[in-house]
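*Asks:* To be precise about what I am sending: the file is called final_35.csv and holds CSV, C-alpha atoms.
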chain,number,residue,atom,x,y,z
D,1,MET,CA,122.0,130.7,111.8
D,2,SER,CA,125.5,130.9,113.1
D,3,SER,CA,126.9,134.4,113.0
D,4,HIS,CA,130.5,133.3,112.4
D,5,ILE,CA,130.7,132.0,108.9
D,6,PRO,CA,133.9,131.0,107.1
D,7,LEU,CA,134.3,132.2,103.6
D,8,PRO,CA,134.3,129.6,100.8
D,9,LYS,CA,137.6,127.7,100.7
D,10,GLU,CA,137.8,127.7,96.9
D,11,LYS,CA,138.0,131.5,97.0
D,12,HIS,CA,140.0,132.0,100.2
D,13,SER,CA,142.0,128.8,100.7
D,14,GLN,CA,145.0,130.5,102.2
D,15,THR,CA,143.2,132.7,104.7
D,16,LYS,CA,141.4,132.4,108.0
D,17,LEU,CA,138.8,135.0,107.3
D,18,TYR,CA,135.2,135.0,108.7
D,19,VAL,CA,132.1,136.9,108.0
D,20,THR,CA,130.4,138.0,111.3
D,21,LEU,CA,126.9,139.3,111.6
D,22,SER,CA,125.7,140.9,114.8
D,23,SER,CA,123.9,144.0,116.1
D,24,LEU,CA,125.6,146.7,118.1
D,25,THR,CA,122.7,146.5,120.5
D,26,SER,CA,123.2,142.7,121.1
D,27,LYS,CA,124.6,141.5,124.4
D,28,LYS,CA,127.0,139.2,122.5
D,29,ARG,CA,128.6,141.8,120.3
D,30,GLU,CA,130.8,140.0,117.7
D,31,ASP,CA,132.7,143.2,116.9
D,32,ARG,CA,133.9,143.5,120.5
D,33,ARG,CA,134.9,139.9,120.6
D,34,CYS,CA,136.9,140.3,117.4
D,35,ILE,CA,138.7,143.3,118.8
D,36,GLU,CA,139.4,141.7,122.2
D,37,THR,CA,140.9,138.6,120.6
D,38,HIS,CA,143.3,140.5,118.4
D,39,PRO,CA,145.6,142.2,121.0
D,40,PHE,CA,148.3,143.1,118.4
D,41,ASN,CA,146.0,145.1,116.2
D,42,TYR,CA,146.4,148.8,116.5
D,43,ARG,CA,143.8,150.2,114.1
D,44,CYS,CA,140.4,149.4,112.7
D,45,THR,CA,138.2,150.6,109.9
D,46,ILE,CA,134.6,151.7,110.4
D,47,LEU,CA,132.3,151.9,107.4
D,48,THR,CA,129.1,153.9,108.1
D,49,SER,CA,126.4,155.4,105.9
D,50,THR,CA,126.1,158.4,108.2
D,51,PRO,CA,128.7,161.1,108.8
D,52,LEU,CA,131.4,160.1,111.3
D,53,GLN,CA,131.4,162.2,114.4
D,54,LYS,CA,135.1,162.3,115.3
D,55,GLN,CA,134.6,163.8,118.8
D,56,THR,CA,132.0,161.2,119.7
D,57,VAL,CA,134.4,158.4,118.6
D,58,LEU,CA,137.3,159.9,120.5
D,59,LYS,CA,135.1,160.4,123.6
D,60,HIS,CA,133.9,156.8,123.4
D,61,ILE,CA,137.4,155.3,122.9
D,62,GLY,CA,139.1,157.5,125.6
D,63,GLY,CA,142.7,158.4,125.9
D,64,TYR,CA,145.8,156.3,125.8
D,65,TYR,CA,149.2,156.8,127.4
D,66,ARG,CA,152.7,156.4,126.0
D,67,VAL,CA,155.4,155.3,128.4
D,68,LYS,CA,158.8,153.7,128.4
D,69,LEU,CA,158.9,150.4,130.4
D,70,LYS,CA,160.9,147.3,130.6
D,71,PRO,CA,158.9,144.1,130.0
D,72,SER,CA,159.6,143.1,133.6
D,73,ASP,CA,157.7,146.2,134.8
D,74,LEU,CA,154.6,144.6,133.4
D,75,ILE,CA,154.9,141.6,135.7
D,76,SER,CA,155.9,143.6,138.8
D,77,PRO,CA,153.6,143.2,141.9
D,78,ASP,CA,152.9,146.9,141.9
D,79,PHE,CA,151.7,146.9,138.3
D,80,ILE,CA,149.7,143.7,138.6
D,81,ASN,CA,148.0,144.7,141.9
D,82,GLY,CA,147.6,148.4,141.1
D,83,TYR,CA,146.3,148.1,137.5
D,84,VAL,CA,145.8,144.7,136.1
D,85,LYS,CA,143.7,143.1,138.8
D,86,PRO,CA,141.3,146.0,139.7
D,87,ASP,CA,141.0,147.5,136.2
D,88,THR,CA,141.0,146.6,132.5
D,89,ILE,CA,144.5,147.2,131.0
D,90,VAL,CA,145.4,147.0,127.4
D,91,ALA,CA,149.0,147.6,126.2
D,92,LEU,CA,151.0,147.3,123.0
D,93,SER,CA,154.7,147.8,122.4
D,94,LEU,CA,155.6,150.1,119.6
D,95,GLU,CA,159.2,149.6,118.5
D,96,SER,CA,159.0,146.4,116.4
D,97,ARG,CA,156.8,145.1,113.6
D,98,ILE,CA,154.8,142.0,114.3
D,99,ASP,CA,156.4,140.2,111.3
D,100,THR,CA,160.1,141.0,112.0
D,101,GLY,CA,160.6,141.7,115.7
D,102,ASP,CA,159.4,141.0,119.2
D,103,VAL,CA,156.0,142.5,120.1
D,104,ILE,CA,154.4,142.5,123.6
D,105,ALA,CA,150.8,143.1,124.5
D,106,ILE,CA,148.3,142.9,127.3
D,107,ASP,CA,144.9,141.8,126.0
D,108,GLY,CA,142.5,143.5,128.5
D,109,GLN,CA,141.7,140.2,130.2
D,110,GLY,CA,144.9,140.2,132.3
D,111,THR,CA,147.0,138.1,129.9
D,112,LEU,CA,150.5,139.2,128.9
D,113,ILE,CA,151.1,138.0,125.3
D,114,LEU,CA,154.5,138.0,123.7
D,115,SER,CA,155.0,137.4,119.9
D,116,LEU,CA,158.6,136.5,119.6
D,117,CYS,CA,161.0,135.7,116.8
D,118,LYS,CA,162.7,132.4,116.9
D,119,ASP,CA,166.0,133.5,118.4
D,120,THR,CA,164.3,135.5,121.3
D,121,TYR,CA,161.9,132.6,122.0
D,122,GLU,CA,164.7,130.1,122.3
D,123,GLU,CA,166.8,132.4,124.5
D,124,LEU,CA,163.9,133.2,126.8
D,125,GLY,CA,163.2,129.6,127.5
D,126,ILE,CA,159.5,130.0,128.5
D,127,VAL,CA,157.2,127.5,126.9
D,128,GLY,CA,154.8,128.9,124.3
D,129,SER,CA,153.1,127.8,121.1
D,130,LYS,CA,153.9,128.3,117.4
D,131,ALA,CA,152.3,131.4,115.9
D,132,GLN,CA,149.7,130.9,113.2
D,133,PHE,CA,151.3,133.6,111.1
D,134,PRO,CA,153.6,133.8,109.2
D,135,LEU,CA,153.1,130.4,107.6
D,136,ASP,CA,156.9,129.5,107.9
D,137,ASP,CA,156.8,126.7,110.5
D,138,GLY,CA,158.5,127.7,113.7
D,139,SER,CA,159.6,131.2,112.7
D,140,ARG,CA,157.6,132.9,115.5
D,141,HIS,CA,156.2,131.8,118.8
D,142,ILE,CA,153.5,133.1,121.2
D,143,VAL,CA,154.0,133.1,124.9
D,144,ARG,CA,151.0,133.8,127.2
D,145,ILE,CA,151.3,134.7,130.9
D,146,ASP,CA,148.2,135.1,133.0
D,147,LEU,CA,149.0,138.0,135.2
D,148,LYS,CA,146.1,137.4,137.5
D,149,ALA,CA,147.0,133.8,138.2
D,150,GLY,CA,148.0,132.8,141.7
D,151,VAL,CA,151.4,131.6,140.5
D,152,MET,CA,152.3,135.2,139.6
D,153,ASP,CA,153.1,135.8,143.3
D,154,PRO,CA,156.8,136.8,144.0
D,155,SER,CA,157.0,134.0,146.5
D,156,LYS,CA,156.2,131.4,143.9
D,157,LYS,CA,159.0,129.6,141.9
D,158,TYR,CA,157.0,130.1,138.6
D,159,TYR,CA,157.0,133.9,139.1
D,160,GLN,CA,160.7,133.9,140.1
D,161,ARG,CA,161.7,132.0,136.9
D,162,ILE,CA,159.6,134.3,134.7
D,163,LYS,CA,161.2,137.4,136.4
D,164,TRP,CA,164.7,135.9,136.0
D,165,ARG,CA,164.2,135.2,132.3
D,166,PHE,CA,162.7,138.6,131.6
D,167,ASP,CA,165.6,140.4,133.4
D,168,GLU,CA,168.1,138.3,131.4
D,169,VAL,CA,166.6,138.5,127.9
D,170,LEU,CA,164.0,141.3,127.8
D,171,ASP,CA,166.1,143.8,129.8
D,172,ARG,CA,165.8,147.0,127.7
D,173,GLU,CA,163.2,149.7,127.9
D,174,MET,CA,160.5,149.8,125.2
D,175,ASP,CA,157.9,152.3,124.2
D,176,PHE,CA,154.4,151.1,125.1
D,177,LEU,CA,150.9,152.4,124.5
D,178,LEU,CA,148.7,151.7,127.5
D,179,GLY,CA,145.0,152.1,128.1
D,180,ARG,CA,143.4,151.9,131.5
D,181,PHE,CA,139.6,151.4,131.7
D,182,ASP,CA,137.0,150.7,134.4
D,183,CYS,CA,136.3,147.0,134.3
D,184,LYS,CA,132.5,147.5,134.8
D,185,THR,CA,131.7,150.6,132.8
D,186,GLY,CA,134.5,150.7,130.3
D,187,ALA,CA,135.2,154.3,131.0
D,188,ALA,CA,138.8,155.5,130.4
D,189,LEU,CA,140.8,156.1,133.6
D,190,ASN,CA,143.9,158.1,134.3
D,191,PHE,CA,147.2,156.3,134.2
D,192,ASP,CA,149.4,157.8,136.9
D,193,MET,CA,152.6,156.0,136.2
D,194,PRO,CA,155.7,158.4,136.2
D,195,GLY,CA,156.7,159.4,132.7
D,196,ALA,CA,153.4,158.5,131.1
D,197,MET,CA,152.3,160.9,128.4
D,198,GLN,CA,148.6,161.1,127.4
D,199,CYS,CA,147.7,160.9,123.7
D,200,SER,CA,144.6,160.5,121.6
D,201,PRO,CA,143.9,158.0,118.9
D,202,ALA,CA,144.2,159.4,115.3
D,203,VAL,CA,141.0,159.3,113.3
D,204,GLU,CA,141.2,159.6,109.5
D,205,GLU,CA,138.0,160.1,107.5
D,206,HIS,CA,137.4,159.3,103.9
D,207,VAL,CA,134.1,160.0,102.3
D,208,LEU,CA,132.7,158.2,99.2
D,209,ARG,CA,129.6,160.0,97.8
D,210,ASP,CA,126.6,158.6,95.9
D,211,ILE,CA,127.9,155.0,95.8
D,212,TRP,CA,126.1,151.7,95.5
D,213,VAL,CA,125.8,149.9,98.8
D,214,PRO,CA,124.8,146.2,98.8
D,215,GLY,CA,121.7,145.3,100.8
D,216,VAL,CA,122.2,143.1,103.9
D,217,ASP,CA,118.7,142.7,105.3
D,218,GLU,CA,118.1,139.3,103.7
D,219,LEU,CA,121.3,138.0,105.4
D,220,PHE,CA,119.7,138.1,108.9
D,221,ASP,CA,117.6,135.0,108.7
D,222,GLU,CA,117.6,133.5,112.2
D,223,SER,CA,115.4,130.6,111.1
D,224,ALA,CA,118.0,129.0,108.9
D,225,LYS,CA,120.2,126.5,110.7
D,226,ARG,CA,123.1,126.8,108.3
D,227,PRO,CA,123.8,129.1,105.3
D,228,SER,CA,122.7,128.2,101.8
D,229,ASP,CA,125.0,128.4,98.8
D,230,VAL,CA,123.2,131.6,97.7
D,231,TRP,CA,123.7,133.1,101.2
D,232,THR,CA,127.4,132.3,101.2
D,233,GLU,CA,127.9,133.7,97.7
D,234,ARG,CA,126.1,136.9,98.7
D,235,VAL,CA,128.3,137.3,101.8
D,236,SER,CA,131.4,136.8,99.7
D,237,ASP,CA,130.2,139.6,97.3
D,238,ILE,CA,129.7,141.9,100.3
D,239,PHE,CA,133.1,141.0,101.6
D,240,GLU,CA,134.6,142.1,98.3
D,241,TRP,CA,132.6,145.3,98.4
D,242,ILE,CA,133.9,146.1,101.9
D,243,GLY,CA,137.5,145.6,100.7
D,244,VAL,CA,136.9,148.2,97.9
D,245,ALA,CA,135.0,150.7,100.0
D,246,ALA,CA,137.5,150.5,102.9
D,247,SER,CA,140.4,151.6,100.7
D,248,GLY,CA,138.7,155.1,100.6
D,249,THR,CA,140.6,155.9,97.3
D,250,ASP,CA,139.5,157.8,94.2
D,251,GLY,CA,139.5,154.4,92.5
D,252,ALA,CA,136.9,153.1,95.0
D,253,GLN,CA,134.8,156.1,94.3
D,254,ARG,CA,134.8,155.4,90.6
D,255,LEU,CA,134.2,151.7,91.0
D,256,LEU,CA,131.2,152.1,93.3
D,257,SER,CA,129.7,155.3,92.1
D,258,ALA,CA,126.0,155.3,91.4
D,259,LYS,CA,126.4,158.4,89.2
D,260,THR,CA,129.0,157.5,86.7
D,261,THR,CA,130.1,160.1,84.3
D,262,PRO,CA,131.6,159.2,80.9
D,263,ALA,CA,135.1,160.3,82.1
D,264,MET,CA,134.7,158.1,85.2
D,265,ALA,CA,133.5,155.1,83.2
D,266,ALA,CA,136.5,155.4,80.8
D,267,ALA,CA,138.9,155.6,83.8
D,268,THR,CA,137.3,152.7,85.5
D,269,SER,CA,137.2,150.4,82.4
D,270,ASP,CA,141.0,150.3,82.4
D,271,ILE,CA,141.1,149.2,86.0
D,272,CYS,CA,138.6,146.3,86.4
D,273,THR,CA,135.0,145.4,85.7
D,274,TYR,CA,133.7,145.3,89.3
D,275,SER,CA,130.1,146.1,90.0
D,276,VAL,CA,127.8,146.0,93.0
D,277,ASP,CA,125.1,143.3,92.6
D,278,GLU,CA,121.4,143.6,93.5
D,279,PRO,CA,119.9,144.2,95.9
D,280,ARG,CA,121.6,147.5,96.5
D,281,SER,CA,120.9,151.1,97.4
D,282,MET,CA,122.6,154.4,96.9
D,283,SER,CA,124.3,156.0,99.9
D,284,ALA,CA,127.5,157.5,101.2
D,285,ALA,CA,130.2,155.6,103.1
Take the structure in the file and write it out as structure tokens.
*Replies:*
Amino acid sequence: MSSHIPLPKEKHSQTKLYVTLSSLTSKKREDRRCIETHPFNYRCTILTSTPLQKQTVLKHIGGYYRVKLKPSDLISPDFINGYVKPDTIVALSLESRIDTGDVIAIDGQGTLILSLCKDTYEELGIVGSKAQFPLDDGSRHIVRIDLKAGVMDPSKKYYQRIKWRFDEVLDREMDFLLGRFDCKTGAALNFDMPGAMQCSPAVEEHVLRDIWVPGVDELFDESAKRPSDVWTERVSDIFEWIGVAASGTDGAQRLLSAKTTPAMAAATSDICTYSVDEPRSMSAA
């Protein structure tokens, strides 16, 4: 069975959401692929039935660095040859929102990605593609530059034009978060650029106690070539449960609680009639 299943169109006609199933021990980890293909994301939510060990998470993620750079610094030969080519570099500009301003990222594969508003894109003059979001046609564009490509040599006309347009249009310093990692082991490396300040990711923890958790064992049926209607409906229900649980609010505790008191039931009845379908088990998240 495919592990990348679109949700039913009749329920989610305006979205591009997918349900992905994979094991953390698998060589083809879908969670990693999802993260690597969303370079503008800056946070994620982890739902686990065991207590979250913050120090373990921070040690695994490693440190990041905050530094002021001009976008042209990201295409300089020193940056490309010193960091991008030998290591894995991820970067994200901090000053603008993805829906209102210009945002710049490096995706960890050596690609510089610019999400630009219409005015900046037209002034920059580098060919890109229309952004999928927002849905307003032509309001944003995505420009991708492969920093590892041979044309990114200062002697090449392509590089010279890119450098010229960056210097003309994207000429001011911006705050960036950068991470440098060993391309083979994934271990975090020091970032020795002048002015770089090391910082650690923020980890927030919300605990829901004694709640109903939907069972997922029956979803891993490798013999099926495509999902049945029952399977798809079950996945949709779990997706809704994830949305409730991920909020981490008192309302989520009341809605999902396996030990509902009269007071909780009265408070919940005024909110909605959501319930966790069978099969399910009691746990903490």
*Asks:* Could you name the residues that touch Asp102 of chain D at 9 Å or less, counting all atoms listed in the file, but leaving out those on the same chain fewer than 3 positions away, as a PyMOL selection string?
*Replies:* chain D and resi 93+95-99+114-117+120
*Asks:* Considering only C-alpha atoms, can you say which of D:Arg234, D:Thr48, D:Pro86, D:Tyr65 comes closest to Lys184 of chain D?
*Replies:*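 Smallest distance to Lys184 of chain D is found for D:Pro86.
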*Asks:* What's the separation between atom CA of Pro279 of chain D and atom CA of Pro214 of chain D, in Å to one decimal place?
*Replies:*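 Interatomic distance here is 6.0 Å.
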*Asks:* To one decimal place in Å, what is the distance between atom CA of Asp146 of chain D and atom CA of Ile113 of chain D?
*Replies:*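 About the pair atom CA of Asp146 of chain D and atom CA of Ile113 of chain D: they are 8.7 Å apart.
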*Asks:* For Ala149 of chain D, which residue among D:Arg172, D:Lys70, D:Lys130, D:Lys85 is the nearest when counting all atoms listed in the file?
*Replies:*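 Closest to Ala149 of chain D, using all atoms listed in the file: D:Lys85.
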*Asks:* Taking 4 positions as the minimum chain separation for residues in the same chain, which residues sit within 10 Å of Pro39 of chain D when counting all atoms listed in the file? Answer as a PyMOL selection string.
*Replies:* chain D and resi 34-35+90-92+104-108+111-113
*Asks:* Record the distance separating atom CA of Thr232 of chain D and atom CA of Trp212 of chain D, expressed in Å with one decimal.
*Replies:*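 Going from atom CA of Thr232 of chain D over to atom CA of Trp212 of chain D covers 20.3 Å.
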*Asks:* Please, which residues in segment 96-193 of chain D fall within 8 Å of segment 78-83 of chain D when counting all atoms listed in the file, and what is the closest atom pair and distance in Å to one decimal for each, ordered by chain then residue number, as JSON lines?
*Replies:*
{"residue": "D:Leu147", "atom": "CA", "partner": "D:Ile80", "partner_atom": "CA", "distance": 6.7}
{"residue": "D:Lys148", "atom": "CA", "partner": "D:Ile80", "partner_atom": "CA", "distance": 7.3}
{"residue": "D:Arg180", "atom": "CA", "partner": "D:Tyr83", "partner_atom": "CA", "distance": 7.7}
*Asks:* Smallest atom-to-atom distance to Ile75 of chain D: which of D:Ala252, D:Val244, D:Ile162, D:Leu178, using all atoms listed in the file?
*Replies:*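 Once distances to Ile75 of chain D are computed over all atoms listed in the file, the minimum belongs to D:Ile162.
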*Asks:* Looking at D:Phe176, D:Phe40, D:Phe166, D:Phe133, which one is nearest to Lys68 of chain D, with distances taken over only C-alpha atoms?
*Replies:*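 With only C-alpha atoms as the atom set, the closest residue is D:Phe176.
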*Asks:* Go through D:Ala246, D:Val213, D:Cys183, D:Gly63 and flag the residue nearest Met197 of chain D, using all atoms listed in the file for the distances.
*Replies:*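 Distance minimum relative to Met197 of chain D lands on D:Gly63.
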*Asks:* Save segment 159-185 of chain D of the structure in the block above to a file, with N, CA, C and O atoms included, as a PDB file, in the first residue's frame.
*Replies:*
ATOM      1  N   TYR D 159      26.261  33.329 -13.086  1.00  0.00           N
ATOM      2  CA  TYR D 159      26.568  33.771 -11.729  1.00  0.00           C
ATOM      3  C   TYR D 159      26.672  35.287 -11.665  1.00  0.00           C
ATOM      4  O   TYR D 159      26.166  35.917 -10.730  1.00  0.00           O
ATOM      5  N   GLN D 160      27.321  35.884 -12.637  1.00  0.00           N
ATOM      6  CA  GLN D 160      27.514  37.335 -12.640  1.00  0.00           C
ATOM      7  C   GLN D 160      26.179  38.070 -12.680  1.00  0.00           C
ATOM      8  O   GLN D 160      26.007  39.098 -12.022  1.00  0.00           O
ATOM      9  N   ARG D 161      25.225  37.531 -13.437  1.00  0.00           N
ATOM     10  CA  ARG D 161      23.910  38.169 -13.496  1.00  0.00           C
ATOM     11  C   ARG D 161      23.166  38.006 -12.170  1.00  0.00           C
ATOM     12  O   ARG D 161      22.534  38.948 -11.683  1.00  0.00           O
ATOM     13  N   ILE D 162      23.238  36.804 -11.588  1.00  0.00           N
ATOM     14  CA  ILE D 162      22.599  36.577 -10.292  1.00  0.00           C
ATOM     15  C   ILE D 162      23.177  37.523  -9.250  1.00  0.00           C
ATOM     16  O   ILE D 162      22.444  38.169  -8.489  1.00  0.00           O
ATOM     17  N   LYS D 163      24.490  37.638  -9.212  1.00  0.00           N
ATOM     18  CA  LYS D 163      25.165  38.511  -8.242  1.00  0.00           C
ATOM     19  C   LYS D 163      24.756  39.968  -8.463  1.00  0.00           C
ATOM     20  O   LYS D 163      24.490  40.705  -7.493  1.00  0.00           O
ATOM     21  N   TRP D 164      24.685  40.388  -9.700  1.00  0.00           N
ATOM     22  CA  TRP D 164      24.298  41.764 -10.021  1.00  0.00           C
ATOM     23  C   TRP D 164      22.886  42.066  -9.540  1.00  0.00           C
ATOM     24  O   TRP D 164      22.636  43.088  -8.906  1.00  0.00           O
ATOM     25  N   ARG D 165      21.945  41.153  -9.794  1.00  0.00           N
ATOM     26  CA  ARG D 165      20.562  41.395  -9.397  1.00  0.00           C
ATOM     27  C   ARG D 165      20.402  41.356  -7.878  1.00  0.00           C
ATOM     28  O   ARG D 165      19.634  42.125  -7.306  1.00  0.00           O
ATOM     29  N   PHE D 166      21.127  40.474  -7.216  1.00  0.00           N
ATOM     30  CA  PHE D 166      21.085  40.434  -5.751  1.00  0.00           C
ATOM     31  C   PHE D 166      21.600  41.748  -5.175  1.00  0.00           C
ATOM     32  O   PHE D 166      21.013  42.308  -4.247  1.00  0.00           O
ATOM     33  N   ASP D 167      22.718  42.242  -5.710  1.00  0.00           N
ATOM     34  CA  ASP D 167      23.302  43.487  -5.204  1.00  0.00           C
ATOM     35  C   ASP D 167      22.393  44.681  -5.458  1.00  0.00           C
ATOM     36  O   ASP D 167      22.367  45.640  -4.676  1.00  0.00           O
ATOM     37  N   GLU D 168      21.623  44.628  -6.542  1.00  0.00           N
ATOM     38  CA  GLU D 168      20.748  45.738  -6.893  1.00  0.00           C
ATOM     39  C   GLU D 168      19.445  45.727  -6.097  1.00  0.00           C
ATOM     40  O   GLU D 168      18.953  46.777  -5.680  1.00  0.00           O
ATOM     41  N   VAL D 169      18.872  44.561  -5.880  1.00  0.00           N
ATOM     42  CA  VAL D 169      17.525  44.463  -5.312  1.00  0.00           C
ATOM     43  C   VAL D 169      17.536  43.971  -3.862  1.00  0.00           C
ATOM     44  O   VAL D 169      16.829  44.509  -3.006  1.00  0.00           O
ATOM     45  N   LEU D 170      18.327  42.954  -3.574  1.00  0.00           N
ATOM     46  CA  LEU D 170      18.371  42.364  -2.225  1.00  0.00           C
ATOM     47  C   LEU D 170      19.669  42.793  -1.546  1.00  0.00           C
ATOM     48  O   LEU D 170      20.526  41.982  -1.211  1.00  0.00           O
ATOM     49  N   ASP D 171      19.794  44.094  -1.323  1.00  0.00           N
ATOM     50  CA  ASP D 171      21.081  44.650  -0.905  1.00  0.00           C
ATOM     51  C   ASP D 171      21.186  44.944   0.585  1.00  0.00           C
ATOM     52  O   ASP D 171      22.222  45.419   1.050  1.00  0.00           O
ATOM     53  N   ARG D 172      20.142  44.679   1.357  1.00  0.00           N
ATOM     54  CA  ARG D 172      20.210  44.988   2.789  1.00  0.00           C
ATOM     55  C   ARG D 172      20.448  43.732   3.618  1.00  0.00           C
ATOM     56  O   ARG D 172      20.117  42.621   3.209  1.00  0.00           O
ATOM     57  N   GLU D 173      21.031  43.925   4.795  1.00  0.00           N
ATOM     58  CA  GLU D 173      21.279  42.802   5.692  1.00  0.00           C
ATOM     59  C   GLU D 173      19.970  42.281   6.276  1.00  0.00           C
ATOM     60  O   GLU D 173      19.031  43.041   6.528  1.00  0.00           O
ATOM     61  N   MET D 174      19.935  40.974   6.495  1.00  0.00           N
ATOM     62  CA  MET D 174      18.774  40.322   7.086  1.00  0.00           C
ATOM     63  C   MET D 174      19.252  39.375   8.180  1.00  0.00           C
ATOM     64  O   MET D 174      20.376  38.868   8.132  1.00  0.00           O
ATOM     65  N   ASP D 175      18.401  39.148   9.165  1.00  0.00           N
ATOM     66  CA  ASP D 175      18.701  38.152  10.194  1.00  0.00           C
ATOM     67  C   ASP D 175      18.395  36.767   9.646  1.00  0.00           C
ATOM     68  O   ASP D 175      17.301  36.518   9.124  1.00  0.00           O
ATOM     69  N   PHE D 176      19.364  35.863   9.787  1.00  0.00           N
ATOM     70  CA  PHE D 176      19.195  34.488   9.344  1.00  0.00           C
ATOM     71  C   PHE D 176      19.449  33.533  10.502  1.00  0.00           C
ATOM     72  O   PHE D 176      20.290  33.791  11.371  1.00  0.00           O
ATOM     73  N   LEU D 177      18.720  32.434  10.502  1.00  0.00           N
ATOM     74  CA  LEU D 177      19.070  31.277  11.315  1.00  0.00           C
ATOM     75  C   LEU D 177      19.744  30.274  10.398  1.00  0.00           C
ATOM     76  O   LEU D 177      19.207  29.937   9.336  1.00  0.00           O
ATOM     77  N   LEU D 178      20.921  29.798  10.803  1.00  0.00           N
ATOM     78  CA  LEU D 178      21.657  28.837   9.992  1.00  0.00           C
ATOM     79  C   LEU D 178      22.043  27.628  10.829  1.00  0.00           C
ATOM     80  O   LEU D 178      22.394  27.756  12.008  1.00  0.00           O
ATOM     81  N   GLY D 179      21.973  26.484  10.214  1.00  0.00           N
ATOM     82  CA  GLY D 179      22.445  25.257  10.828  1.00  0.00           C
ATOM     83  C   GLY D 179      23.445  24.591   9.901  1.00  0.00           C
ATOM     84  O   GLY D 179      23.240  24.545   8.683  1.00  0.00           O
ATOM     85  N   ARG D 180      24.522  24.100  10.473  1.00  0.00           N
ATOM     86  CA  ARG D 180      25.564  23.425   9.690  1.00  0.00           C
ATOM     87  C   ARG D 180      25.711  22.006  10.230  1.00  0.00           C
ATOM     88  O   ARG D 180      25.923  21.810  11.432  1.00  0.00           O
ATOM     89  N   PHE D 181      25.599  21.015   9.339  1.00  0.00           N
ATOM     90  CA  PHE D 181      25.594  19.625   9.769  1.00  0.00           C
ATOM     91  C   PHE D 181      26.507  18.788   8.875  1.00  0.00           C
ATOM     92  O   PHE D 181      26.674  19.085   7.689  1.00  0.00           O
ATOM     93  N   ASP D 182      27.070  17.753   9.472  1.00  0.00           N
ATOM     94  CA  ASP D 182      27.894  16.824   8.708  1.00  0.00           C
ATOM     95  C   ASP D 182      27.010  16.098   7.697  1.00  0.00           C
ATOM     96  O   ASP D 182      25.972  15.537   8.061  1.00  0.00           O
ATOM     97  N   CYS D 183      27.400  16.106   6.435  1.00  0.00           N
ATOM     98  CA  CYS D 183      26.545  15.550   5.386  1.00  0.00           C
ATOM     99  C   CYS D 183      26.420  14.033   5.465  1.00  0.00           C
ATOM    100  O   CYS D 183      25.499  13.454   4.874  1.00  0.00           O
ATOM    101  N   LYS D 184      27.311  13.359   6.194  1.00  0.00           N
ATOM    102  CA  LYS D 184      27.254  11.903   6.312  1.00  0.00           C
ATOM    103  C   LYS D 184      26.590  11.454   7.606  1.00  0.00           C
ATOM    104  O   LYS D 184      25.746  10.562   7.608  1.00  0.00           O
ATOM    105  N   THR D 185      26.965  12.067   8.724  1.00  0.00           N
ATOM    106  CA  THR D 185      26.445  11.632  10.024  1.00  0.00           C
ATOM    107  C   THR D 185      25.258  12.450  10.508  1.00  0.00           C
ATOM    108  O   THR D 185      24.503  12.009  11.371  1.00  0.00           O
TER     109      THR D 185
END
